[in-house]
Structure formats: structure tokens, C-alpha cells
Amino acid sequence: MSSVSLEGRLLVQLTTYNTNLQDHDDSLPQDLVDWLRPTLTVSKFLAPQLSVTAPDIVCVGFQELLPLHIGLSGWSNKVLASRDAHIKSQLEQHAPNKERYTLVAKVVNVGVAMLVYARDDKVGKKFTDVQTSWIGIGGPLAMGNKGAVAIRFRVPDEDGGVGETFTFVCAHLSAHAHLLERRISDYQNIVSSLVFPSKDKKTLSTIYDTSHLFFVGDLNFRVVLPPEHALSIKSKDTEFATLLESEDARKQMRDHDQLSLELKKGTVLQCLKEGDFWKFKCSYKFKIGHVERYSSRRTPSWTDRILYATHTDDPSKPTESNISNLLYTSIPSYCTSDHKPIVALLLLPPSKPDGGAALPPVLKLPPGFTPTPNQSYMWKRFTGRTTDRFIGIIWYIFSLFGAGSFAVGIFNFILGFGAWKWWSTTQNVTAQTV
């Protein structure tokens with residue numbers, strides 16, 4: 001890795017974290033250096049330049065950003081604004097040469113959120129045509145408890161050419177090992193409904209209509225070990241993390257990773273590539289408050305992932321990419337969630353002159369894969385958002401009755417209603433007696 005050259009290439013840092021519906025004041029440490037400035041600790045084995053180089057673009061994705069009833073009620077933007085201030089201050093505080101960053105855009109739907117920043121002295125002074133998009137995929141009514149958000153922008157060439165487009169997606173797919181087909185359906189739903197309208201509003205483009213695509217999030221694909229596998233029984237042991245110190249054990253887990261198997265089949269995340277995720281321990285499911293103790297309720301899995309593609313990638317070589325993956329790892333020290341945050345550092349290929357092209361280059365797709373925008377995406381948004389608010393507000397009101405507990409709130413409401421009915425009945429009886 002020491003021969004990696006940064007000349008003429010953009011360095012992109014991608015991070016994702018499922019904060020487990022934690023209270024927004026406590027779900028992130030105050031010092032984010034381990035997550036947002038990983039090159040400080042990895043420069044010994046990466047290109048030495050990285051220890052003194054700040055990323056050109058930083059993408060931060062969240063899932064379960066805040067308690068679900070608060071998110072459904074519509075309070076997500078307030079929490080995201082707080083996150084923005086915290087993250088930007090940490091990026092600039094730990095930048096090696098005091099680089100400054102500009103927020104390109106932020107977007108949130110219930111608990112799925114994303115923020116993208118650009119260095120002021122490079123991409124930050126050039127980006128244009130910023131767009132955001134979101135879609136819920138939770139159940140038949142497209143609720144926001146699961147879903148995806150996206151940010152797209154264009155970076156013109158130095159000579160004023162059209163340049164390249166960048167699309168970032170953060171997603172939270174359906175949970176549980178046995179719901180593999182639903183996760184595949186979730187992705188297909190995202191591809192068709194997470195769309196961007198053209199400037200004239202007459203046409204729609206999908207996430208694949210871009211020069212570079214980055215896909216992060218809690219994708220919820222699980223490791224499903226056969227019952228007879230040597231690791232199967234041990235996987236429910238809280239000390240399983242000790243076994244995963246061995247790369248051989250992690251490789252055995254990798255061979256039963258649902259996402260890896262589906263990528264080979266071409267059923268999901270088509271065109272996208274991934275680094276060696278098995279080089280770090282499974283990011284889920286940990287006992288909250290512990291650095292390296294897994295919960296016995298789930299088989300440890302790499303549910304949190306970062307994938308990418310660029311327009312110069314050859315679709316006939318599905319495992320190769322012209323993007324250099326310099327770092328892909330988890331941050332074990334974060335203990336407030338049952339997930340660990342993960343981070344990737346990617347070095348993009350040099351941008352080539354466009355030769356006067358009218359449109360930016362786009363990804364090359366494999367034969368038979370033709371993403372088609374869903375023309376009814378706005379109706380899906382309306383249905384999902386309306387359902388979110390209806391359920392969220394009712395849930396929120398009952399939680400107020402229960403001092404934060406929905407179940408206690410319902411009990412208190414029923415108890416109060418019963419007491420009121422009893423009091424009304426006794427008053428009527430008293431009046432009739434008089």
C-alpha cells in the first residue's frame with residue numbers, strides 16, 4: 001500500500017452507524033476521532049501521505065438515529081441538525097492541516113439519515129447541482145422504519161467541463177436471517193423508487209445514473225451457519241469475539257454471509273464492489289456497554305456494509321474496481337449500540353477530460369440489468385409519510401402517558417378511562433338518588 005499515489009485522485013471517506021434507537025444526546029461519543037479520522041491510526045501501514053491528508057469528501061450515514069416514535073412523529077430534522085454541528089466540528093478539529101469543510105447536503109427520513117461534506121479548498125468550492133431523495137420501504141404502506149436516503153451532486157472539471165456526478169445512498173433493510181428475500185425486494189424497491197427528477201421535472205433517474213455510486217448502511221444480511229458447522233454452536237456464546245480473532249474463523253463465517261452469496265448470484269447491489277469485510281470482526285450483535293462481547297440472541301454478522309462503483313469499472317469483471325479500497329474496518333470502542341460503526345477510505349481513479357461531452361459519464365451495467373424508475377414514487381412517499389405521522393403521533397402521546405413507555409402509556413390511558421367511566425357512573429347514580 002505504500003506505493004499508492006494520491007496525485008489527481010479524490011479521497012472519499014464513508015462511515016455508517018446504527019445507533020440502536022438511542023437517545024440522541026448519548027448515542028455518539030463527544031470525541032469522534034476514531035471514527036471520523038481513522039488515518040491517524042492506520043498511517044503506519046497505508047500510504048504515508050494519508051497521515052497528513054484530509055479526505056476530499058466525507059459521507060456519514062445513520063440508521064435508527066433516534067427513538068422510532070419520535071422519528072415517525074417528524075422530529076428527525078432537529079436531531080440531524082445537532083449531529084451536523086457535532087460532526088463538522090469534529091472533522092475540522094481533527095483535520096491534519098486544519099482543513100475546513102462545507103456541508104454539501106443532509107437528508108433524513110425517520111431514522112435513516114445521511115450527511116455529506118466536502119473540503120473547502122477542493123470539492124467544496126466546485127460542487128453543484130445538489131439533489132436529495134428519500135423513500136420508505138417499511139411494509140405495504142412504505143413506512144419509514146426501513147428505507148433509504150440519497151444525496152447527489154456534480155463536480156465540474158478544472159477546465160470547466162461537465163465533470164462527474166457523485167451519488168451517495170444510506171439504507172436500512174429488513175431484519176432477521178430468514179427474511180433474505182425481503183431484503184432483496186427492499187433493494188429492488190430502493191432502485192426503482194429512490195429517484196431524482198431532472199431539472200425540467202419531466203424525467204426520472206435512478207441511483208445508477210451516476211459516475212460514482214456509494215452505498216452504505218445496515219443492510220441486515222446475516223451469516224447463516226449450517227447446524228453441523230463447527231462454529232454454529234459456538235456462535236451464540238457471548239465470548240465468540242475471542243474466536244473471531246482468527247482470520248481463518250472469519251473466512252469461514254464469510255463463506256456463509258448472505259450478501260456475499262447474493263452478490264455472486266447478481267440478485268442484489270448489482271455493479272457494486274466491497275472491500276475485505278472479513279478482515280474485521282462482525283459488526284453485530286453486541287451486548288450494549290461492551291467492547292467485544294456478542295449477544296447470545298443472534299449469530300454475529302456483518303450487517304453494516306459499505307459498497308461502491310465507478311463509471312470506469314468493467315461489468316464483466318464483477319469483483320474488480322478501479323476504486324482503491326485503502327481501509328475498511330469497524331470501530332470497536334463505541335459501546336452505546338448493539339452495532340459497531342464502520343468506516344472505509346476509498347481512492348477514486350483520476351478524472352479524465354470529458355472531451356466536450358454534454359453529460360457526465362455513468363456506470364456501465366451488466367446485461368439484463370435495467371433499472372427503471374417508479375413513476376408512482378411520489379404516491380409511495382405520501383402514503384408512507386402520512387402513515388408515519390399518524391402512527392408516530394399516537395405512539396408519542398401514549399408514551400407521554402407512560403413516562404416514555406408506550407405499553408405503560410396504554411395501561412395508564414385504559415386505567416384513567418376506566419376511572420373516569422366509574423366516576424361518571426357514580427355521579428349519575430348520586431343524581432338519580434337525590
# chains A, B, ... in the order shown; residues from 1 in each chain; ligands from 1
$ residues_around --residues "Leu68 in chain A" --least-positions-apart "6" --cutoff "8 Å" --atoms "only C-alpha atoms" --output "number ranges by chain"
A: 21, 110-111, 145, 392
$ residues_around --residues "Ser185 in chain A" --least-positions-apart "5" --cutoff "10 Å" --atoms "only C-alpha atoms" --output "PDB file with N, CA, C and O atoms, in the first residue's frame"
ATOM      1  N   ILE A 137     -39.559   1.989   2.950  1.00  0.00           N
ATOM      2  CA  ILE A 137     -39.838   0.663   2.393  1.00  0.00           C
ATOM      3  C   ILE A 137     -40.390  -0.264   3.476  1.00  0.00           C
ATOM      4  O   ILE A 137     -40.377  -1.492   3.320  1.00  0.00           O
ATOM      5  N   LEU A 173     -32.293  -1.992   5.653  1.00  0.00           N
ATOM      6  CA  LEU A 173     -33.152  -3.023   5.074  1.00  0.00           C
ATOM      7  C   LEU A 173     -33.775  -3.896   6.163  1.00  0.00           C
ATOM      8  O   LEU A 173     -33.420  -3.797   7.334  1.00  0.00           O
ATOM      9  N   SER A 174     -34.683  -4.748   5.750  1.00  0.00           N
ATOM     10  CA  SER A 174     -35.421  -5.607   6.688  1.00  0.00           C
ATOM     11  C   SER A 174     -34.490  -6.516   7.476  1.00  0.00           C
ATOM     12  O   SER A 174     -33.499  -7.027   6.944  1.00  0.00           O
ATOM     13  N   LEU A 179     -35.430 -13.539   6.479  1.00  0.00           N
ATOM     14  CA  LEU A 179     -36.095 -12.615   5.552  1.00  0.00           C
ATOM     15  C   LEU A 179     -35.168 -12.158   4.426  1.00  0.00           C
ATOM     16  O   LEU A 179     -35.197 -10.997   3.999  1.00  0.00           O
ATOM     17  N   LEU A 180     -34.358 -13.071   3.924  1.00  0.00           N
ATOM     18  CA  LEU A 180     -33.430 -12.744   2.840  1.00  0.00           C
ATOM     19  C   LEU A 180     -34.161 -12.229   1.605  1.00  0.00           C
ATOM     20  O   LEU A 180     -33.770 -11.213   1.014  1.00  0.00           O
ATOM     21  N   ILE A 190     -35.781   0.137  -3.572  1.00  0.00           N
ATOM     22  CA  ILE A 190     -34.944   1.335  -3.488  1.00  0.00           C
ATOM     23  C   ILE A 190     -34.486   1.767  -4.875  1.00  0.00           C
ATOM     24  O   ILE A 190     -34.529   2.954  -5.229  1.00  0.00           O
ATOM     25  N   VAL A 191     -34.043   0.814  -5.678  1.00  0.00           N
ATOM     26  CA  VAL A 191     -33.558   1.148  -7.022  1.00  0.00           C
ATOM     27  C   VAL A 191     -34.650   1.822  -7.852  1.00  0.00           C
ATOM     28  O   VAL A 191     -34.389   2.786  -8.579  1.00  0.00           O
ATOM     29  N   THR A 267     -28.143 -10.955  -7.670  1.00  0.00           N
ATOM     30  CA  THR A 267     -29.545 -10.669  -7.344  1.00  0.00           C
ATOM     31  C   THR A 267     -29.733  -9.324  -6.653  1.00  0.00           C
ATOM     32  O   THR A 267     -30.863  -8.824  -6.561  1.00  0.00           O
ATOM     33  N   VAL A 268     -28.656  -8.715  -6.159  1.00  0.00           N
ATOM     34  CA  VAL A 268     -28.776  -7.514  -5.350  1.00  0.00           C
ATOM     35  C   VAL A 268     -27.500  -6.691  -5.449  1.00  0.00           C
ATOM     36  O   VAL A 268     -26.419  -7.230  -5.742  1.00  0.00           O
TER      37      VAL A 268
END
$ closest_atom_pairs --of "range 312-402 of chain A" --to "range 157-171 of chain A" --cutoff "10 Å" --atoms "only C-alpha atoms" --output "JSON lines"
{"residue": "A:Ser351", "atom": "CA", "partner": "A:Gly163", "partner_atom": "CA", "distance": 8.0}
{"residue": "A:Lys352", "atom": "CA", "partner": "A:Gly163", "partner_atom": "CA", "distance": 8.6}
{"residue": "A:Pro353", "atom": "CA", "partner": "A:Asp157", "partner_atom": "CA", "distance": 7.4}
{"residue": "A:Asp354", "atom": "CA", "partner": "A:Gly161", "partner_atom": "CA", "distance": 6.5}
{"residue": "A:Gly355", "atom": "CA", "partner": "A:Gly161", "partner_atom": "CA", "distance": 8.0}
{"residue": "A:Gly356", "atom": "CA", "partner": "A:Gly161", "partner_atom": "CA", "distance": 6.5}
{"residue": "A:Ala357", "atom": "CA", "partner": "A:Val162", "partner_atom": "CA", "distance": 6.9}
{"residue": "A:Ala358", "atom": "CA", "partner": "A:Val162", "partner_atom": "CA", "distance": 6.7}
{"residue": "A:Leu359", "atom": "CA", "partner": "A:Val162", "partner_atom": "CA", "distance": 6.4}
{"residue": "A:Pro360", "atom": "CA", "partner": "A:Glu164", "partner_atom": "CA", "distance": 5.1}
{"residue": "A:Pro361", "atom": "CA", "partner": "A:Glu164", "partner_atom": "CA", "distance": 6.5}
{"residue": "A:Val362", "atom": "CA", "partner": "A:Thr165", "partner_atom": "CA", "distance": 8.1}
$ atom_distance --atom1 "CA of Thr128 in chain A" --atom2 "CA of Tyr308 in chain A"
21.4 Å
$ closest_residue --among "A:Gln13, A:Gln270, A:Ser296, A:Ser76" --to "Pro315 in chain A" --atoms "only C-alpha atoms"
A:Gln270
$ residues_around --residues "Ser235 in chain A" --least-positions-apart "6" --cutoff "9 Å" --atoms "only C-alpha atoms" --output "ChimeraX atom specification"
/A:225,294,296,298-300
